[in-house]
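Source file: entry-v4.pdb. Holds: PDB, C-alpha atoms.
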```pdb
ATOM      1  CA  MET A  10      11.541 -19.287  -4.606
ATOM      2  CA  SER A  11      11.711 -15.968  -6.416
ATOM      3  CA  GLU A  12      13.867 -13.155  -5.166
ATOM      4  CA  ALA A  13      10.835 -10.883  -4.644
ATOM      5  CA  ALA A  14       9.101 -13.443  -2.442
ATOM      6  CA  THR A  15      12.209 -13.753  -0.327
ATOM      7  CA  GLN A  16      12.528 -10.033   0.154
ATOM      8  CA  ASN A  17       8.893  -9.249   1.004
ATOM      9  CA  PRO A  18       7.127 -12.354   2.208
ATOM     10  CA  SER A  19       3.338 -12.060   2.361
ATOM     11  CA  SER A  20       0.556 -14.319   3.564
ATOM     12  CA  GLU A  21      -1.959 -12.618   1.229
ATOM     13  CA  THR A  22      -4.044 -14.955  -0.887
ATOM     14  CA  PRO A  23      -5.550 -14.023  -4.273
ATOM     15  CA  ALA A  24      -8.887 -13.712  -2.450
ATOM     16  CA  ASP A  25      -7.311 -11.240   0.006
ATOM     17  CA  GLU A  26      -6.009  -9.227  -2.918
ATOM     18  CA  ALA A  27      -9.401  -9.107  -4.621
ATOM     19  CA  HIS A  28     -11.062  -8.136  -1.345
ATOM     20  CA  SER A  29      -8.695  -5.300  -0.442
ATOM     21  CA  PHE A  30      -9.020  -3.921  -3.981
ATOM     22  CA  SER A  31     -12.813  -4.092  -3.984
ATOM     23  CA  GLU A  32     -13.127  -2.259  -0.659
ATOM     24  CA  TYR A  33     -12.220   1.044  -2.361
ATOM     25  CA  GLY A  34     -15.234   0.623  -4.612
ATOM     26  CA  ALA A  35     -17.365  -0.257  -1.587
ATOM     27  CA  VAL A  36     -16.325   2.951   0.209
ATOM     28  CA  GLU A  37     -17.034   4.981  -2.945
ATOM     29  CA  LYS A  38     -20.508   3.423  -3.068
ATOM     30  CA  ALA A  39     -21.041   4.283   0.597
ATOM     31  CA  LEU A  40     -20.297   7.956  -0.181
ATOM     32  CA  GLN A  41     -22.492   7.994  -3.309
ATOM     33  CA  PRO A  42     -25.892   8.710  -1.660
ATOM     34  CA  TYR A  43     -24.327  11.750   0.011
ATOM     35  CA  ILE A  44     -22.748  12.897  -3.282
ATOM     36  CA  ASP A  45     -25.940  12.315  -5.295
ATOM     37  CA  ALA A  46     -27.990  14.186  -2.693
ATOM     38  CA  ALA A  47     -25.663  17.190  -2.993
ATOM     39  CA  LYS A  48     -26.949  17.532  -6.565
ATOM     40  CA  THR A  49     -30.600  16.616  -6.034
ATOM     41  CA  GLY A  50     -31.248  18.040  -2.562
ATOM     42  CA  ASP A  51     -32.636  14.679  -1.423
ATOM     43  CA  GLY A  52     -32.061  14.812   2.343
ATOM     44  CA  ALA A  53     -33.592  11.360   2.935
ATOM     45  CA  LEU A  54     -31.118   9.846   0.464
ATOM     46  CA  SER A  55     -28.165  11.623   2.092
ATOM     47  CA  ARG A  56     -29.304  10.356   5.499
ATOM     48  CA  THR A  57     -28.964   6.709   4.376
ATOM     49  CA  ALA A  58     -25.169   7.189   4.085
ATOM     50  CA  PHE A  59     -24.751   8.063   7.782
ATOM     51  CA  PHE A  60     -24.830   6.166  11.067
ATOM     52  CA  ASP A  61     -27.464   7.515  13.471
ATOM     53  CA  HIS A  62     -24.704   8.840  15.754
ATOM     54  CA  ALA A  63     -22.826  10.741  13.022
ATOM     55  CA  HIS A  64     -22.243  14.472  13.422
ATOM     56  CA  ILE A  65     -21.499  16.886  10.581
ATOM     57  CA  VAL A  66     -19.249  19.702  11.830
ATOM     58  CA  GLY A  67     -18.066  22.905  10.170
ATOM     59  CA  SER A  68     -18.864  26.587   9.712
ATOM     60  CA  ILE A  69     -20.528  28.760   7.075
ATOM     61  CA  SER A  70     -20.445  32.561   7.033
ATOM     62  CA  GLY A  71     -19.025  32.721  10.555
ATOM     63  CA  ALA A  72     -21.619  30.410  12.141
ATOM     64  CA  PHE A  73     -20.437  27.117  13.680
ATOM     65  CA  TYR A  74     -22.653  24.167  12.781
ATOM     66  CA  ASN A  75     -22.626  20.875  14.664
ATOM     67  CA  MET A  76     -25.445  18.827  13.151
ATOM     68  CA  PRO A  77     -26.596  15.322  14.009
ATOM     69  CA  ALA A  78     -27.408  13.196  10.965
ATOM     70  CA  ASP A  79     -31.153  13.964  11.137
ATOM     71  CA  THR A  80     -30.594  17.720  11.234
ATOM     72  CA  PHE A  81     -28.212  17.449   8.278
ATOM     73  CA  LYS A  82     -30.900  15.513   6.399
ATOM     74  CA  ASP A  83     -33.272  18.467   6.845
ATOM     75  CA  ALA A  84     -30.544  20.941   5.838
ATOM     76  CA  VAL A  85     -29.855  19.089   2.572
ATOM     77  CA  SER A  86     -33.587  19.018   1.752
ATOM     78  CA  GLU A  87     -34.025  22.703   2.584
ATOM     79  CA  GLY A  88     -30.962  23.580   0.490
ATOM     80  CA  GLY A  89     -32.661  21.998  -2.536
ATOM     81  CA  PRO A  90     -31.095  20.894  -5.803
ATOM     82  CA  SER A  91     -27.653  22.112  -6.846
ATOM     83  CA  PRO A  92     -27.410  20.964 -10.496
ATOM     84  CA  GLU A  93     -24.037  22.684 -11.080
ATOM     85  CA  VAL A  94     -22.231  20.877  -8.236
ATOM     86  CA  GLN A  95     -19.050  18.984  -9.121
ATOM     87  CA  HIS A  96     -17.043  16.667  -6.903
ATOM     88  CA  ARG A  97     -13.791  14.718  -6.756
ATOM     89  CA  ILE A  98     -13.034  11.880  -4.355
ATOM     90  CA  VAL A  99      -9.426  12.860  -3.646
ATOM     91  CA  TRP A 100      -8.396   9.929  -1.479
ATOM     92  CA  ILE A 101      -9.700   6.933   0.406
ATOM     93  CA  ASP A 102      -7.643   5.137   3.054
ATOM     94  CA  ILE A 103      -8.817   1.787   4.438
ATOM     95  CA  SER A 104      -7.625  -0.393   7.304
ATOM     96  CA  GLY A 105      -9.806  -3.463   7.857
ATOM     97  CA  PRO A 106     -13.345  -2.277   8.695
ATOM     98  CA  ALA A 107     -12.253   1.359   9.237
ATOM     99  CA  ALA A 108     -11.720   4.035   6.585
ATOM    100  CA  ALA A 109     -11.292   7.747   5.963
ATOM    101  CA  ALA A 110     -12.000   9.783   2.827
ATOM    102  CA  LYS A 111     -11.571  13.290   1.453
ATOM    103  CA  VAL A 112     -14.051  14.717  -1.070
ATOM    104  CA  GLU A 113     -13.790  18.097  -2.811
ATOM    105  CA  PHE A 114     -16.877  20.017  -4.017
ATOM    106  CA  ILE A 115     -17.448  23.173  -6.007
ATOM    107  CA  ASN A 116     -20.703  24.987  -6.791
ATOM    108  CA  TRP A 117     -22.695  23.257  -4.037
ATOM    109  CA  GLY A 118     -25.261  26.019  -3.680
ATOM    110  CA  GLY A 119     -22.453  28.232  -4.995
ATOM    111  CA  LEU A 120     -20.039  27.134  -2.257
ATOM    112  CA  ARG A 121     -16.676  25.362  -2.309
ATOM    113  CA  PHE A 122     -16.304  22.545   0.250
ATOM    114  CA  THR A 123     -13.623  20.113   1.361
ATOM    115  CA  ASP A 124     -15.042  17.184   3.343
ATOM    116  CA  PHE A 125     -13.212  14.703   5.553
ATOM    117  CA  PHE A 126     -15.082  11.523   6.488
ATOM    118  CA  VAL A 127     -14.531   8.571   8.789
ATOM    119  CA  LEU A 128     -16.427   5.412   7.813
ATOM    120  CA  TYR A 129     -16.944   2.020   9.367
ATOM    121  CA  LYS A 130     -18.108  -1.327   7.959
ATOM    122  CA  HIS A 131     -20.753  -2.814  10.243
ATOM    123  CA  ASN A 132     -22.599  -5.998   9.272
ATOM    124  CA  GLY A 133     -21.077  -5.822   5.803
ATOM    125  CA  ALA A 134     -22.204  -2.246   5.042
ATOM    126  CA  TRP A 135     -19.941   0.819   5.027
ATOM    127  CA  LYS A 136     -21.484   3.939   6.573
ATOM    128  CA  ILE A 137     -20.245   7.414   7.455
ATOM    129  CA  SER A 138     -19.468   7.720  11.180
ATOM    130  CA  GLY A 139     -18.569  11.416  11.077
ATOM    131  CA  LYS A 140     -17.799  14.342   8.787
ATOM    132  CA  VAL A 141     -15.957  17.641   9.169
ATOM    133  CA  TYR A 142     -15.777  20.263   6.437
ATOM    134  CA  ASP A 143     -13.978  23.357   5.257
ATOM    135  CA  SER A 144     -16.132  25.924   3.423
ATOM    136  CA  HIS A 145     -13.038  27.803   2.156
ATOM    137  CA  ALA A 146     -13.909  31.479   1.463
ATOM    138  CA  ASN A 147     -17.186  31.023   3.389
ATOM    139  CA  ASN A 148     -15.952  29.646   6.729
TER     140      ASN A 148
ATOM    141  CA  MET B  29       1.198  57.891 -22.865
ATOM    142  CA  LYS B  30       4.966  58.217 -22.902
ATOM    143  CA  ARG B  31       5.017  59.054 -19.190
ATOM    144  CA  LEU B  32       2.875  56.026 -18.432
ATOM    145  CA  PHE B  33       5.237  53.850 -20.464
ATOM    146  CA  MET B  34       8.220  55.231 -18.581
ATOM    147  CA  ALA B  35       6.485  54.715 -15.259
ATOM    148  CA  ILE B  36       5.740  51.072 -16.098
ATOM    149  CA  THR B  37       9.293  50.543 -17.354
ATOM    150  CA  GLY B  38      10.607  52.028 -14.107
ATOM    151  CA  MET B  39       8.412  49.657 -12.089
ATOM    152  CA  LEU B  40       9.638  46.718 -14.112
ATOM    153  CA  LEU B  41      13.255  47.779 -13.563
ATOM    154  CA  LEU B  42      12.523  48.130  -9.851
ATOM    155  CA  ALA B  43      10.951  44.684  -9.803
ATOM    156  CA  GLY B  44      13.922  43.339 -11.725
ATOM    157  CA  SER B  45      16.319  44.754  -9.151
ATOM    158  CA  THR B  46      14.641  42.847  -6.304
ATOM    159  CA  SER B  47      17.069  40.154  -5.232
ATOM    160  CA  LEU B  48      16.101  36.523  -5.004
ATOM    161  CA  ALA B  49      16.891  36.683  -1.290
ATOM    162  CA  ASP B  50      14.386  39.538  -0.873
ATOM    163  CA  GLN B  51      11.750  37.542  -2.719
ATOM    164  CA  LEU B  52      12.363  34.467  -0.595
ATOM    165  CA  THR B  53      12.187  36.558   2.577
ATOM    166  CA  ALA B  54       8.914  38.085   1.478
ATOM    167  CA  THR B  55       7.490  34.660   0.655
ATOM    168  CA  ALA B  56       8.623  33.064   3.902
ATOM    169  CA  GLY B  57       7.081  35.965   5.814
ATOM    170  CA  SER B  58       3.588  35.193   4.518
ATOM    171  CA  ALA B  59       1.319  34.779   7.516
ATOM    172  CA  SER B  60      -0.877  32.213   5.793
ATOM    173  CA  GLU B  61       2.120  30.040   4.901
ATOM    174  CA  ALA B  62       3.347  30.083   8.485
ATOM    175  CA  GLN B  63      -0.149  29.219   9.670
ATOM    176  CA  THR B  64      -0.742  26.343   7.269
ATOM    177  CA  PHE B  65       2.657  24.930   8.285
ATOM    178  CA  ALA B  66       1.922  25.339  12.000
ATOM    179  CA  GLU B  67      -1.486  23.636  11.755
ATOM    180  CA  TYR B  68       0.110  20.188  11.371
ATOM    181  CA  LYS B  69       1.799  20.637  14.741
ATOM    182  CA  ALA B  70      -1.449  21.959  16.219
ATOM    183  CA  VAL B  71      -3.257  18.803  15.059
ATOM    184  CA  GLU B  72      -0.450  16.640  16.536
ATOM    185  CA  GLU B  73      -0.877  18.484  19.825
ATOM    186  CA  ALA B  74      -4.635  17.909  19.700
ATOM    187  CA  LEU B  75      -4.019  14.144  19.354
ATOM    188  CA  GLN B  76      -1.420  14.078  22.155
ATOM    189  CA  PRO B  77      -3.777  13.735  25.178
ATOM    190  CA  TYR B  78      -5.302  10.683  23.486
ATOM    191  CA  ILE B  79      -1.844   9.223  22.708
ATOM    192  CA  SER B  80      -0.483   9.953  26.194
ATOM    193  CA  ALA B  81      -3.567   8.444  27.816
ATOM    194  CA  ALA B  82      -3.087   5.252  25.816
ATOM    195  CA  LYS B  83       0.120   4.759  27.791
ATOM    196  CA  THR B  84      -1.057   6.002  31.205
ATOM    197  CA  GLY B  85      -4.695   4.856  31.222
ATOM    198  CA  ASP B  86      -5.844   8.374  32.127
ATOM    199  CA  GLY B  87      -9.424   8.454  30.845
ATOM    200  CA  ALA B  88     -10.019  12.047  31.970
ATOM    201  CA  LEU B  89      -7.018  13.166  29.922
ATOM    202  CA  THR B  90      -8.166  11.343  26.771
ATOM    203  CA  ARG B  91     -11.621  12.868  27.181
ATOM    204  CA  THR B  92     -10.151  16.386  26.802
ATOM    205  CA  ALA B  93      -9.151  15.568  23.190
ATOM    206  CA  PHE B  94     -12.753  14.850  22.066
ATOM    207  CA  PHE B  95     -15.814  16.954  21.330
ATOM    208  CA  ASP B  96     -18.823  15.973  23.470
ATOM    209  CA  HIS B  97     -20.573  14.579  20.375
ATOM    210  CA  ALA B  98     -17.629  12.393  19.243
ATOM    211  CA  HIS B  99     -18.186   8.667  18.769
ATOM    212  CA  ILE B 100     -15.446   6.025  18.834
ATOM    213  CA  VAL B 101     -16.431   3.140  16.555
ATOM    214  CA  GLY B 102     -14.821  -0.241  15.962
ATOM    215  CA  SER B 103     -14.807  -3.836  17.124
ATOM    216  CA  VAL B 104     -12.709  -5.958  19.482
ATOM    217  CA  ASN B 105     -12.914  -9.764  19.646
ATOM    218  CA  GLY B 106     -16.070  -9.870  17.524
ATOM    219  CA  THR B 107     -17.971  -7.266  19.534
ATOM    220  CA  PHE B 108     -19.025  -4.058  17.768
ATOM    221  CA  ASN B 109     -18.330  -1.064  20.016
ATOM    222  CA  ASN B 110     -19.967   2.301  19.363
ATOM    223  CA  MET B 111     -18.914   4.484  22.297
ATOM    224  CA  ASP B 112     -19.638   8.109  22.983
ATOM    225  CA  ALA B 113     -16.761  10.190  24.345
ATOM    226  CA  ASP B 114     -17.761   9.713  28.019
ATOM    227  CA  THR B 115     -18.035   5.932  27.664
ATOM    228  CA  PHE B 116     -14.649   5.835  25.936
ATOM    229  CA  LYS B 117     -13.191   7.863  28.842
ATOM    230  CA  LYS B 118     -14.326   5.138  31.255
ATOM    231  CA  GLY B 119     -13.013   2.428  28.958
ATOM    232  CA  ILE B 120      -9.534   4.000  28.983
ATOM    233  CA  SER B 121      -9.512   4.309  32.781
ATOM    234  CA  GLN B 122     -10.705   0.725  33.242
ATOM    235  CA  GLY B 123      -8.083  -0.539  30.794
ATOM    236  CA  GLY B 124      -5.334   1.025  32.908
ATOM    237  CA  PRO B 125      -1.728   1.770  31.934
ATOM    238  CA  SER B 126      -0.100   0.217  28.859
ATOM    239  CA  PRO B 127       3.607   1.098  29.318
ATOM    240  CA  GLU B 128       4.860  -0.929  26.304
ATOM    241  CA  ILE B 129       2.682   0.888  23.778
ATOM    242  CA  GLN B 130       4.230   2.499  20.685
ATOM    243  CA  HIS B 131       2.591   4.752  18.102
ATOM    244  CA  HIS B 132       3.205   6.455  14.770
ATOM    245  CA  ILE B 133       1.196   9.349  13.371
ATOM    246  CA  ALA B 134       1.065   8.011   9.808
ATOM    247  CA  TRP B 135      -0.463  11.119   8.200
ATOM    248  CA  ILE B 136      -2.362  14.321   8.825
ATOM    249  CA  ASP B 137      -4.378  16.175   6.189
ATOM    250  CA  VAL B 138      -5.626  19.707   6.909
ATOM    251  CA  SER B 139      -8.056  21.928   4.979
ATOM    252  CA  GLY B 140      -8.857  25.191   6.752
ATOM    253  CA  PRO B 141     -10.494  24.345  10.107
ATOM    254  CA  ALA B 142     -11.060  20.674   9.145
ATOM    255  CA  ALA B 143      -8.576  17.811   9.341
ATOM    256  CA  ALA B 144      -8.154  14.050   9.270
ATOM    257  CA  ALA B 145      -5.396  11.878  10.752
ATOM    258  CA  LYS B 146      -4.259   8.254  10.830
ATOM    259  CA  VAL B 147      -2.431   6.878  13.872
ATOM    260  CA  GLU B 148      -0.910   3.389  14.180
ATOM    261  CA  PHE B 149      -0.513   1.635  17.557
ATOM    262  CA  ILE B 150       1.122  -1.566  18.700
ATOM    263  CA  ASP B 151       1.165  -3.201  22.155
ATOM    264  CA  TRP B 152      -1.844  -1.272  23.468
ATOM    265  CA  HIS B 153      -2.634  -3.933  26.054
ATOM    266  CA  GLY B 154      -1.170  -6.309  23.513
ATOM    267  CA  PHE B 155      -3.372  -5.065  20.667
ATOM    268  CA  ARG B 156      -2.513  -3.600  17.286
ATOM    269  CA  PHE B 157      -4.752  -0.679  16.293
ATOM    270  CA  THR B 158      -5.114   1.615  13.295
ATOM    271  CA  ASP B 159      -7.111   4.768  14.088
ATOM    272  CA  PHE B 160      -8.682   7.234  11.672
ATOM    273  CA  PHE B 161      -9.714  10.603  13.122
ATOM    274  CA  ILE B 162     -11.568  13.649  11.913
ATOM    275  CA  LEU B 163     -10.832  16.880  13.772
ATOM    276  CA  TYR B 164     -12.207  20.414  13.743
ATOM    277  CA  LYS B 165     -10.788  23.728  14.947
ATOM    278  CA  LYS B 166     -13.363  25.647  16.952
ATOM    279  CA  ASP B 167     -12.568  28.872  18.815
ATOM    280  CA  GLY B 168      -8.881  28.301  18.044
ATOM    281  CA  ASP B 169      -8.742  24.748  19.449
ATOM    282  CA  TRP B 170      -8.487  21.532  17.451
ATOM    283  CA  MET B 171     -10.559  18.667  18.884
ATOM    284  CA  ILE B 172     -11.454  15.171  17.694
ATOM    285  CA  SER B 173     -14.940  15.026  16.159
ATOM    286  CA  GLY B 174     -14.927  11.288  15.453
ATOM    287  CA  LYS B 175     -12.774   8.183  15.422
ATOM    288  CA  VAL B 176     -13.015   4.750  13.760
ATOM    289  CA  TYR B 177     -10.531   1.964  14.344
ATOM    290  CA  ASP B 178      -9.247  -1.345  13.052
ATOM    291  CA  SER B 179      -8.080  -3.835  15.692
ATOM    292  CA  HIS B 180      -6.398  -6.045  13.044
ATOM    293  CA  THR B 181      -6.296  -9.696  14.178
ATOM    294  CA  ASN B 182      -8.696  -8.861  17.040
ATOM    295  CA  ASN B 183     -11.584  -7.315  15.079
TER     296      ASN B 183
END
```
Could the structure of this file be written out as structure tokens, please?
Amino acid sequence: MSEAATQNPSSETPADEAHSFSEYGAVEKALQPYIDAAKTGDGALSRTAFFDHAHIVGSISGAFYNMPADTFKDAVSEGGPSPEVQHRIVWIDISGPAAAAKVEFINWGGLRFTDFFVLYKHNGAWKISGKVYDSHANN
Amino acid sequence: MKRLFMAITGMLLLAGSTSLADQLTATAGSASEAQTFAEYKAVEEALQPYISAAKTGDGALTRTAFFDHAHIVGSVNGTFNNMDADTFKKGISQGGPSPEIQHHIAWIDVSGPAAAAKVEFIDWHGFRFTDFFILYKKDGDWMISGKVYDSHTNN
């Protein structure tokens, strides 16, 4: 028995290792419709990333917005394309079927956003269960 | 031109005479720095009713931590549970006290009025849970806008 195995015993199999690694990619893919829709203004696409119950909460220019997923869908469509938008997925944290993520945006309709998400994997598919955001200089 | 040069030189000398202690005092006195530091504690306090209620089984107390729209999503023993805040309140009360429970706030991340947090639990009625939260600060108060959880060997 190697020294490392003695010090930190683990019951993880190679399959467990492959699975836990691949989940980060799966969460990234779950966020992708939302990220793509930020650029294209495709509200219907953005909507596919969210559970029906999800709320999107934040403020812009002093107004508090608490939108259900369907209202957010309309808002993304009405906002239209934002070809200059750039994003960075800053972190993803996963525990079993639950996850959280932080995504940074700039030039989304000229605005700077920081988004926090909670996601859940139901029937094999990750979806966004809720989002809160910071609009920085435009809160 | 000469007077301007002398004025700038004088300002530079003045700046140069500022002690490191003065500079540190000025920096520490920044209101935004004090606020961004304090927000972590404010988020901890916002989570506390939920954490306290895990031990006492006080559903009404846990309810105060959540926005009306918040959903609590996860699974226990193969059953997917998607609860609104009022249903979760009842679930906590029906579960009753869990005096052996322990928790750790693993991390908090804050950006302006938005935040996320991860809290680990063990011995919550014998269960191990990992919770992810999103929170938002409205009218000066942080509240939980959503929660997802992992029940580990009991998913």
Exercise. Show which residues sit within 6 Å of Pro125 of chain B, as a ChimeraX atom specification. Count all atoms listed in the file, and ignore same-chain residues fewer than 6 positions away.
Key: /B:83-85
Exercise. Report as a VMD selection string the set of chain A residues whose atoms approach chain B to within 9 Å, with distances computed over only C-alpha atoms.
Key: chain A and resid 62 to 68 73 75 77 102 104 to 111 123 to 131 138 to 145 148
Quiz prompt | Surrounding residues of segment 87-96 of chain A excluding itself and chain neighbours under 4 positions, 7 Å, only C-alpha atoms, as a PyMOL selection string | solution = chain A and resi 47-50+83+112-118
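You will find atom CA of Val104 of chain B at 28.6 Å from atom CA of Met76 of chain A.
Those residues returned by the PyMOL selection byres ((chain B and resi 153) around 9) for this file are Gly123, Gly124, Pro125, Ser126, Pro127, Glu128, Ile129, Ile150, Asp151, Trp152, Gly154, Phe155 and Arg156 of chain B.
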Self-check item: Among the residues B:Asp114, B:Glu148, B:Glu72, B:Asp169, the one that comes closest to Gly87 of chain B [using all atoms listed in the file]
Solution: B:Asp114
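Straight-line separation from atom CA of Thr57 of chain A to atom CA of Ala134 of chain A: 11.2 Å.
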Practice problem: Figure out the distance between atom CA of Met171 of chain B and atom CA of Ser80 of chain B, please, to one decimal in Å. | Solution: 15.2 Å
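Nearest residue to Gly168 of chain B among B:Pro77, B:Ala70, B:Ala62, B:Phe94 is B:Ala70, counting only C-alpha atoms.
Each of B:Trp135, B:Ser60, B:Phe65, B:Lys117 was checked against Tyr78 of chain B using all atoms listed in the file; the smallest atom-to-atom distance is that of B:Lys117.
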Axis-aligned box for segment 40-51 of chain A, 5 Å per side, centre and edges in Å as JSON:
```
{"center_x": -26.5, "center_y": 13.0, "center_z": -3.3, "size_x": 22.3, "size_y": 20.1, "size_z": 16.6}
```
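Counting only C-alpha atoms, the residue from B:Lys118, B:Ala113, B:His131, B:Gly106 that sits nearest to Asn182 of chain B is B:Gly106.
The residue that comes closest to Phe149 of chain B, out of B:Ala88, B:Val71, B:Ile133, B:Ala66 and on the basis of only C-alpha atoms, is B:Ile133.
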